[in-house]
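Structure file run_6.pdb; described as PDB, C-alpha atoms, pLDDT in the B column.
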```pdb
ATOM      1  CA  MET A 179       0.000   0.000   0.000  1.00 62.00           C
ATOM      2  CA  LYS A 180       2.875   2.349   0.840  1.00 76.00           C
ATOM      3  CA  GLU A 181       4.452   2.019  -2.629  1.00 81.00           C
ATOM      4  CA  PHE A 182       1.041   2.406  -4.277  1.00 86.00           C
ATOM      5  CA  THR A 183       0.506   5.696  -2.441  1.00 89.00           C
ATOM      6  CA  LYS A 184       3.980   6.932  -3.372  1.00 92.00           C
ATOM      7  CA  ALA A 185       3.356   6.014  -6.995  1.00 91.00           C
ATOM      8  CA  ALA A 186      -0.013   7.808  -6.958  1.00 93.00           C
ATOM      9  CA  ILE A 187       1.613  10.940  -5.532  1.00 95.00           C
ATOM     10  CA  ALA A 188       4.347  10.741  -8.189  1.00 93.00           C
ATOM     11  CA  ASP A 189       1.805  10.296 -10.997  1.00 94.00           C
ATOM     12  CA  THR A 190      -0.124  13.315  -9.769  1.00 95.00           C
ATOM     13  CA  PHE A 191       3.109  15.300  -9.545  1.00 94.00           C
ATOM     14  CA  MET A 192       3.928  14.446 -13.178  1.00 92.00           C
ATOM     15  CA  GLU A 193       0.432  15.559 -14.222  1.00 93.00           C
ATOM     16  CA  LEU A 194       0.923  18.878 -12.446  1.00 94.00           C
ATOM     17  CA  LEU A 195       4.394  19.304 -13.976  1.00 91.00           C
ATOM     18  CA  GLN A 196       2.835  19.012 -17.403  1.00 91.00           C
ATOM     19  CA  GLU A 197       1.006  22.282 -16.720  1.00 91.00           C
ATOM     20  CA  HIS A 198       3.097  24.161 -14.121  1.00 91.00           C
ATOM     21  CA  THR A 199       6.700  24.830 -13.208  1.00 88.00           C
ATOM     22  CA  ILE A 200       7.924  23.233 -10.010  1.00 88.00           C
ATOM     23  CA  ASP A 201       7.912  26.520  -8.101  1.00 87.00           C
ATOM     24  CA  HIS A 202       4.147  26.773  -8.712  1.00 91.00           C
ATOM     25  CA  ILE A 203       3.328  23.310  -7.345  1.00 92.00           C
ATOM     26  CA  THR A 204       2.475  23.183  -3.647  1.00 93.00           C
ATOM     27  CA  VAL A 205       2.024  20.238  -1.325  1.00 95.00           C
ATOM     28  CA  LYS A 206      -1.525  21.469  -0.725  1.00 94.00           C
ATOM     29  CA  ASP A 207      -2.354  21.412  -4.454  1.00 93.00           C
ATOM     30  CA  LEU A 208      -0.752  18.024  -4.870  1.00 93.00           C
ATOM     31  CA  ALA A 209      -2.574  16.517  -1.881  1.00 94.00           C
ATOM     32  CA  GLU A 210      -5.934  17.856  -3.053  1.00 94.00           C
ATOM     33  CA  LYS A 211      -5.496  16.585  -6.615  1.00 94.00           C
ATOM     34  CA  CYS A 212      -4.243  13.212  -5.378  1.00 91.00           C
ATOM     35  CA  GLY A 213      -6.998  12.833  -2.780  1.00 93.00           C
ATOM     36  CA  ILE A 214      -4.708  12.543   0.220  1.00 94.00           C
ATOM     37  CA  ASN A 215      -3.972  14.770   3.187  1.00 92.00           C
ATOM     38  CA  ARG A 216      -0.762  16.721   3.677  1.00 94.00           C
ATOM     39  CA  GLN A 217       0.416  14.384   6.454  1.00 95.00           C
ATOM     40  CA  THR A 218       0.281  11.474   4.014  1.00 94.00           C
ATOM     41  CA  PHE A 219       2.464  13.421   1.601  1.00 94.00           C
ATOM     42  CA  TYR A 220       4.996  14.213   4.339  1.00 95.00           C
ATOM     43  CA  TYR A 221       4.991  10.593   5.472  1.00 94.00           C
ATOM     44  CA  HIS A 222       6.426   9.662   2.069  1.00 94.00           C
ATOM     45  CA  PHE A 223       8.425  12.749   1.053  1.00 95.00           C
ATOM     46  CA  ALA A 224      10.285  15.545   2.807  1.00 95.00           C
ATOM     47  CA  ASP A 225       9.221  18.175   0.257  1.00 93.00           C
ATOM     48  CA  ILE A 226       8.445  18.727  -3.419  1.00 91.00           C
ATOM     49  CA  TYR A 227      12.117  18.362  -4.374  1.00 87.00           C
ATOM     50  CA  ASP A 228      12.380  15.030  -2.572  1.00 91.00           C
ATOM     51  CA  LEU A 229       9.326  13.925  -4.549  1.00 92.00           C
ATOM     52  CA  MET A 230      10.926  15.173  -7.768  1.00 88.00           C
ATOM     53  CA  GLU A 231      14.093  13.180  -7.082  1.00 86.00           C
ATOM     54  CA  TRP A 232      12.202   9.990  -6.249  1.00 90.00           C
ATOM     55  CA  THR A 233       9.937  10.378  -9.272  1.00 90.00           C
ATOM     56  CA  LEU A 234      12.798  11.049 -11.684  1.00 83.00           C
ATOM     57  CA  ASP A 235      14.743   8.032 -10.399  1.00 83.00           C
ATOM     58  CA  ASN A 236      11.681   5.783 -10.710  1.00 85.00           C
ATOM     59  CA  GLU A 237      10.659   7.094 -14.130  1.00 82.00           C
ATOM     60  CA  LEU A 238      14.182   6.625 -15.487  1.00 78.00           C
ATOM     61  CA  LYS A 239      14.373   3.122 -14.046  1.00 78.00           C
ATOM     62  CA  LYS A 240      11.101   2.160 -15.758  1.00 79.00           C
ATOM     63  CA  PHE A 241      12.225   3.781 -19.007  1.00 74.00           C
ATOM     64  CA  MET A 242      15.605   2.035 -18.983  1.00 70.00           C
ATOM     65  CA  GLU A 243      14.027  -1.347 -18.212  1.00 72.00           C
ATOM     66  CA  ARG A 244      11.664  -0.916 -21.132  1.00 69.00           C
ATOM     67  CA  TYR A 245      14.384  -0.032 -23.634  1.00 58.00           C
ATOM     68  CA  ALA A 246      17.508  -1.527 -22.111  1.00 56.00           C
ATOM     69  CA  LYS A 247      19.769  -4.107 -23.657  1.00 53.00           C
ATOM     70  CA  THR A 248      21.719  -6.401 -21.394  1.00 48.00           C
ATOM     71  CA  GLU A 249      24.915  -4.340 -21.583  1.00 54.00           C
ATOM     72  CA  THR A 250      25.080  -0.770 -22.845  1.00 60.00           C
ATOM     73  CA  ASP A 251      28.070   1.327 -23.746  1.00 69.00           C
ATOM     74  CA  TRP A 252      28.397   4.968 -22.824  1.00 74.00           C
ATOM     75  CA  GLN A 253      27.119   6.195 -26.192  1.00 79.00           C
ATOM     76  CA  GLU A 254      23.985   4.092 -25.879  1.00 77.00           C
ATOM     77  CA  GLN A 255      23.574   5.233 -22.264  1.00 72.00           C
ATOM     78  CA  LEU A 256      23.865   8.869 -23.343  1.00 77.00           C
ATOM     79  CA  LYS A 257      21.323   8.375 -26.131  1.00 79.00           C
ATOM     80  CA  LYS A 258      18.948   6.702 -23.679  1.00 78.00           C
ATOM     81  CA  LEU A 259      19.266   9.611 -21.270  1.00 78.00           C
ATOM     82  CA  PHE A 260      18.560  12.041 -24.092  1.00 82.00           C
ATOM     83  CA  GLY A 261      15.595   9.887 -25.105  1.00 81.00           C
ATOM     84  CA  PHE A 262      14.223   9.737 -21.581  1.00 81.00           C
ATOM     85  CA  PHE A 263      14.457  13.477 -21.081  1.00 83.00           C
ATOM     86  CA  ARG A 264      12.943  14.147 -24.526  1.00 85.00           C
ATOM     87  CA  PHE A 265      10.075  11.744 -23.744  1.00 83.00           C
ATOM     88  CA  ARG A 266       9.315  13.772 -20.592  1.00 84.00           C
ATOM     89  CA  GLN A 267      10.424  17.116 -22.037  1.00 87.00           C
ATOM     90  CA  GLN A 268       7.630  19.326 -20.705  1.00 86.00           C
ATOM     91  CA  GLN A 269       7.857  17.907 -17.176  1.00 86.00           C
ATOM     92  CA  VAL A 270      11.663  18.030 -17.178  1.00 85.00           C
ATOM     93  CA  LEU A 271      11.730  21.661 -18.284  1.00 85.00           C
ATOM     94  CA  HIS A 272       9.075  22.558 -15.724  1.00 86.00           C
ATOM     95  CA  ALA A 273      11.020  20.765 -12.978  1.00 84.00           C
ATOM     96  CA  TYR A 274      14.440  22.102 -13.960  1.00 82.00           C
ATOM     97  CA  ASP A 275      15.366  25.302 -12.165  1.00 73.00           C
ATOM     98  CA  SER A 276      18.330  26.827 -10.403  1.00 65.00           C
ATOM     99  CA  GLN A 277      17.294  25.380  -7.055  1.00 72.00           C
ATOM    100  CA  ASN A 278      17.458  21.777  -8.237  1.00 75.00           C
ATOM    101  CA  ARG A 279      20.157  22.041 -10.914  1.00 80.00           C
ATOM    102  CA  MET A 280      22.588  20.343  -8.533  1.00 83.00           C
ATOM    103  CA  TYR A 281      20.245  17.380  -8.246  1.00 82.00           C
ATOM    104  CA  TYR A 282      20.223  17.006 -12.037  1.00 83.00           C
ATOM    105  CA  GLU A 283      24.022  17.179 -12.056  1.00 87.00           C
ATOM    106  CA  GLN A 284      24.257  14.402  -9.475  1.00 87.00           C
ATOM    107  CA  PHE A 285      21.553  12.359 -11.176  1.00 83.00           C
ATOM    108  CA  ILE A 286      23.257  12.442 -14.584  1.00 84.00           C
ATOM    109  CA  TYR A 287      26.666  11.823 -13.004  1.00 90.00           C
ATOM    110  CA  ARG A 288      25.352   8.677 -11.283  1.00 86.00           C
ATOM    111  CA  GLN A 289      23.863   7.449 -14.553  1.00 80.00           C
ATOM    112  CA  MET A 290      26.969   8.031 -16.677  1.00 84.00           C
ATOM    113  CA  LEU A 291      29.891   7.167 -14.375  1.00 89.00           C
ATOM    114  CA  PRO A 292      29.547   3.357 -14.665  1.00 85.00           C
ATOM    115  CA  SER A 293      29.417   3.602 -18.464  1.00 82.00           C
ATOM    116  CA  ILE A 294      32.490   5.838 -18.608  1.00 88.00           C
ATOM    117  CA  ARG A 295      34.285   3.470 -16.232  1.00 89.00           C
ATOM    118  CA  ARG A 296      33.498   0.503 -18.515  1.00 85.00           C
ATOM    119  CA  LEU A 297      34.619   2.512 -21.552  1.00 85.00           C
ATOM    120  CA  ILE A 298      37.964   3.409 -20.008  1.00 90.00           C
ATOM    121  CA  LEU A 299      38.599  -0.213 -19.062  1.00 89.00           C
ATOM    122  CA  THR A 300      38.293  -1.228 -22.735  1.00 87.00           C
ATOM    123  CA  TYR A 301      41.470   0.668 -23.612  1.00 89.00           C
ATOM    124  CA  GLN A 302      44.767  -1.213 -23.444  1.00 90.00           C
ATOM    125  CA  GLU A 303      46.527   1.817 -21.927  1.00 89.00           C
ATOM    126  CA  THR A 304      44.333   1.607 -18.829  1.00 90.00           C
ATOM    127  CA  LYS A 305      46.269  -1.284 -17.326  1.00 89.00           C
ATOM    128  CA  TYR A 306      49.388   0.914 -17.171  1.00 89.00           C
ATOM    129  CA  ILE A 307      47.667   3.737 -15.294  1.00 92.00           C
ATOM    130  CA  SER A 308      47.323   3.785 -11.515  1.00 92.00           C
ATOM    131  CA  GLU A 309      43.880   3.364 -10.001  1.00 93.00           C
ATOM    132  CA  ASP A 310      43.777   6.902  -8.597  1.00 93.00           C
ATOM    133  CA  LYS A 311      44.729   8.390 -11.998  1.00 93.00           C
ATOM    134  CA  ARG A 312      42.098   6.235 -13.713  1.00 94.00           C
ATOM    135  CA  ALA A 313      39.476   7.397 -11.188  1.00 95.00           C
ATOM    136  CA  PHE A 314      40.507  10.989 -11.909  1.00 96.00           C
ATOM    137  CA  ILE A 315      40.076  10.451 -15.669  1.00 95.00           C
ATOM    138  CA  GLU A 316      36.681   8.772 -15.091  1.00 94.00           C
ATOM    139  CA  HIS A 317      35.565  11.745 -13.029  1.00 96.00           C
ATOM    140  CA  VAL A 318      36.741  14.347 -15.554  1.00 95.00           C
ATOM    141  CA  TYR A 319      35.114  12.641 -18.535  1.00 93.00           C
ATOM    142  CA  THR A 320      31.886  12.024 -16.640  1.00 92.00           C
ATOM    143  CA  ARG A 321      31.792  15.705 -15.616  1.00 94.00           C
ATOM    144  CA  MET A 322      32.299  16.657 -19.278  1.00 91.00           C
ATOM    145  CA  LEU A 323      29.236  14.596 -20.183  1.00 88.00           C
ATOM    146  CA  VAL A 324      27.244  16.096 -17.319  1.00 90.00           C
ATOM    147  CA  ASN A 325      28.092  19.629 -18.450  1.00 90.00           C
ATOM    148  CA  PHE A 326      27.225  18.789 -22.044  1.00 88.00           C
ATOM    149  CA  PHE A 327      23.889  17.423 -20.878  1.00 85.00           C
ATOM    150  CA  LEU A 328      23.137  20.393 -18.611  1.00 87.00           C
ATOM    151  CA  ASP A 329      23.940  22.816 -21.425  1.00 88.00           C
ATOM    152  CA  TRP A 330      21.412  20.914 -23.510  1.00 87.00           C
ATOM    153  CA  LEU A 331      18.800  21.340 -20.762  1.00 85.00           C
ATOM    154  CA  ASP A 332      19.645  25.051 -20.429  1.00 85.00           C
ATOM    155  CA  GLU A 333      19.117  25.461 -24.191  1.00 86.00           C
ATOM    156  CA  GLY A 334      15.608  23.982 -23.948  1.00 85.00           C
ATOM    157  CA  MET A 335      16.495  20.451 -25.115  1.00 85.00           C
ATOM    158  CA  PRO A 336      16.975  20.960 -28.874  1.00 86.00           C
ATOM    159  CA  ASP A 337      17.133  17.919 -31.168  1.00 81.00           C
ATOM    160  CA  GLU A 338      20.266  15.771 -31.470  1.00 73.00           C
ATOM    161  CA  GLU A 339      21.317  17.357 -34.750  1.00 74.00           C
ATOM    162  CA  THR A 340      21.291  20.835 -33.244  1.00 79.00           C
ATOM    163  CA  VAL A 341      23.244  19.763 -30.198  1.00 77.00           C
ATOM    164  CA  ARG A 342      25.679  17.800 -32.417  1.00 81.00           C
ATOM    165  CA  LEU A 343      25.622  14.652 -30.329  1.00 81.00           C
ATOM    166  CA  ALA A 344      27.514  12.655 -32.972  1.00 82.00           C
ATOM    167  CA  ASP A 345      30.329  15.241 -32.985  1.00 86.00           C
ATOM    168  CA  TYR A 346      30.473  15.177 -29.210  1.00 84.00           C
ATOM    169  CA  VAL A 347      30.801  11.372 -29.205  1.00 83.00           C
ATOM    170  CA  LEU A 348      33.612  11.605 -31.768  1.00 86.00           C
ATOM    171  CA  PHE A 349      35.376  14.240 -29.669  1.00 87.00           C
ATOM    172  CA  MET A 350      35.069  12.111 -26.523  1.00 86.00           C
ATOM    173  CA  LYS A 351      36.514   9.016 -28.199  1.00 83.00           C
ATOM    174  CA  GLY A 352      39.550  10.777 -29.661  1.00 85.00           C
ATOM    175  CA  SER A 353      40.176  12.855 -26.595  1.00 90.00           C
ATOM    176  CA  LEU A 354      39.965   9.899 -24.237  1.00 89.00           C
ATOM    177  CA  GLN A 355      42.417   7.830 -26.260  1.00 87.00           C
ATOM    178  CA  SER A 356      44.888  10.717 -26.217  1.00 90.00           C
ATOM    179  CA  THR A 357      44.407  11.319 -22.489  1.00 92.00           C
ATOM    180  CA  LEU A 358      45.026   7.667 -21.629  1.00 92.00           C
ATOM    181  CA  VAL A 359      48.205   7.596 -23.728  1.00 90.00           C
ATOM    182  CA  THR A 360      49.419  10.773 -22.015  1.00 91.00           C
ATOM    183  CA  PHE A 361      48.765   9.353 -18.542  1.00 90.00           C
ATOM    184  CA  GLN A 362      50.372   6.043 -19.529  1.00 85.00           C
ATOM    185  CA  ASN A 363      53.497   7.875 -20.739  1.00 81.00           C
ATOM    186  CA  LYS A 364      53.559  10.043 -17.602  1.00 73.00           C
ATOM    187  CA  GLY A 365      53.365   6.902 -15.459  1.00 63.00           C
ATOM    188  CA  ASN A 366      56.252   5.327 -17.378  1.00 57.00           C
ATOM    189  CA  GLU A 367      58.367   8.484 -16.934  1.00 60.00           C
ATOM    190  CA  GLU A 368      57.742   8.480 -13.193  1.00 62.00           C
ATOM    191  CA  LYS A 369      58.903   4.840 -12.941  1.00 59.00           C
ATOM    192  CA  GLU A 370      62.227   5.618 -14.616  1.00 52.00           C
TER
END
```
Have the structure of the file written as structure tokens, please.
Amino acid sequence: MKEFTKAAIADTFMELLQEHTIDHITVKDLAEKCGINRQTFYYHFADIYDLMEWTLDNELKKFMERYAKTETDWQEQLKKLFGFFRFRQQQVLHAYDSQNRMYYEQFIYRQMLPSIRRLILTYQETKYISEDKRAFIEHVYTRMLVNFFLDWLDEGMPDEETVRLADYVLFMKGSLQSTLVTFQNKGNEEKE
């Protein structure tokens, strides 16, 4: 029953986000539209932003399960994220504001880091780079993806051609190869 109530609150929240920005959605409005009292809302969520986080995580999980392959590479993961956000474009744009931008940064970082980690491990040079240097490279490249994604949100989520996703992927591949070679060479110099 608890999960059913949470899901009902989240569904109502998504309906409201279709029409209003997040700063115009109140717990009172949400409770009335959902047919619950405010205490029930606060039993499940700390505030509207907690609800937004839970809803976004759940919606992405459902979306990824529906379209996921068994193993995805970082390019596929990035395309799926773009697809998910485009599918929910109106709600995402209504929920995205300066107050919760950090949440979106963390959310996208959590989604992309494992894919970037797997990508880096496919390169031969990786085995010659220390673990702390590899973690640094993973972090930097994941942050690059996060910033690319947030810029896309800031621009109103234009189509993939406008944002030049294919060019970005090409840049990432070439840049990463070069970075790994540089760190491998630096590690060899330090050993000598």
### Message
Counting all atoms listed in the file, find residues at most 9 Å from (6.2, 14.8, -15.8) (file frame) and give them as a PyMOL selection string.
### Response
chain A and resi 188-196+233-234+266-270+272-273
### Query
Quick one: residues within 7 Å of region 318-320 of chain A, only C-alpha atoms counted, chain neighbours fewer than 5 positions away excluded, as a list in words?
Tyr287, Met290, Leu291 and Ile294 of chain A
### Task
Could you check which of A:Val359, A:Leu297, A:Leu238, A:Val205 is closest to Ile226 (chain A), using only C-alpha atoms?
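The answer is A:Val205, which sits nearest to Ile226 (chain A).
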### Task
Counting all atoms listed in the file, figure out which residue out of A:Thr340, A:Gly352, A:Tyr301, A:Ile187 gets nearest to Ile214 (chain A).
A:Ile187
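Our summary of the geometry notes that CA of Asn236 (chain A) is positioned 15.3 Å from CA of Gln284 (chain A).
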### Task
Please determine the residues with any atom at most 12 Å from (25.9, 15.9, -22.9) (coordinates as given in the file, with all atoms listed in the file counting) and report them as an MDAnalysis selection string.
chainID A and resid 252:253 255:260 263 283 286:287 290 319:333 335:336 338 341:347 349:350
### Query
Just so the selection is clear, what residues does the PyMOL selection byres ((chain A and resi 357) around 12) cover here, as a VMD selection string?
chain A and resid 298 301 303 to 304 307 311 to 312 314 to 316 318 to 319 349 to 356 358 to 364
#### Entry: Picked residues, the PyMOL selection byres ((chain A and resi 183) around 10), expected as a ChimeraX atom specification
/A:179-182,184-189,212,214,218-219,222
Take every atom of region 301-318 of chain A listed in the file, fit an axis-aligned box around them, add 6 Å per side, and give the centre and edge lengths in Å to one decimal as JSON.
```
{"center_x": 42.5, "center_y": 6.5, "center_z": -16.1, "size_x": 25.8, "size_y": 27.6, "size_z": 27.0}
```
### Task
Can you work out the spacing between CA of Gly261 (chain A) and CA of Glu237 (chain A) in Å, to one decimal?
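Spanning CA of Gly261 (chain A) to CA of Glu237 (chain A) is a straight-line distance of 12.4 Å.
Put simply, CA of Tyr282 (chain A) is 27.7 Å away from CA of Glu210 (chain A).
Between Thr199 (chain A) and the residues A:Pro292, A:Asp310, A:Asp337, A:Met230, the shortest atom-to-atom distance, using all atoms listed in the file, involves A:Met230.
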### Query
When distances are computed from only C-alpha atoms, which of A:Ile200, A:Met242, A:Leu348, A:Ala209 shows the smallest separation from Asp228 (chain A)?
A:Ile200
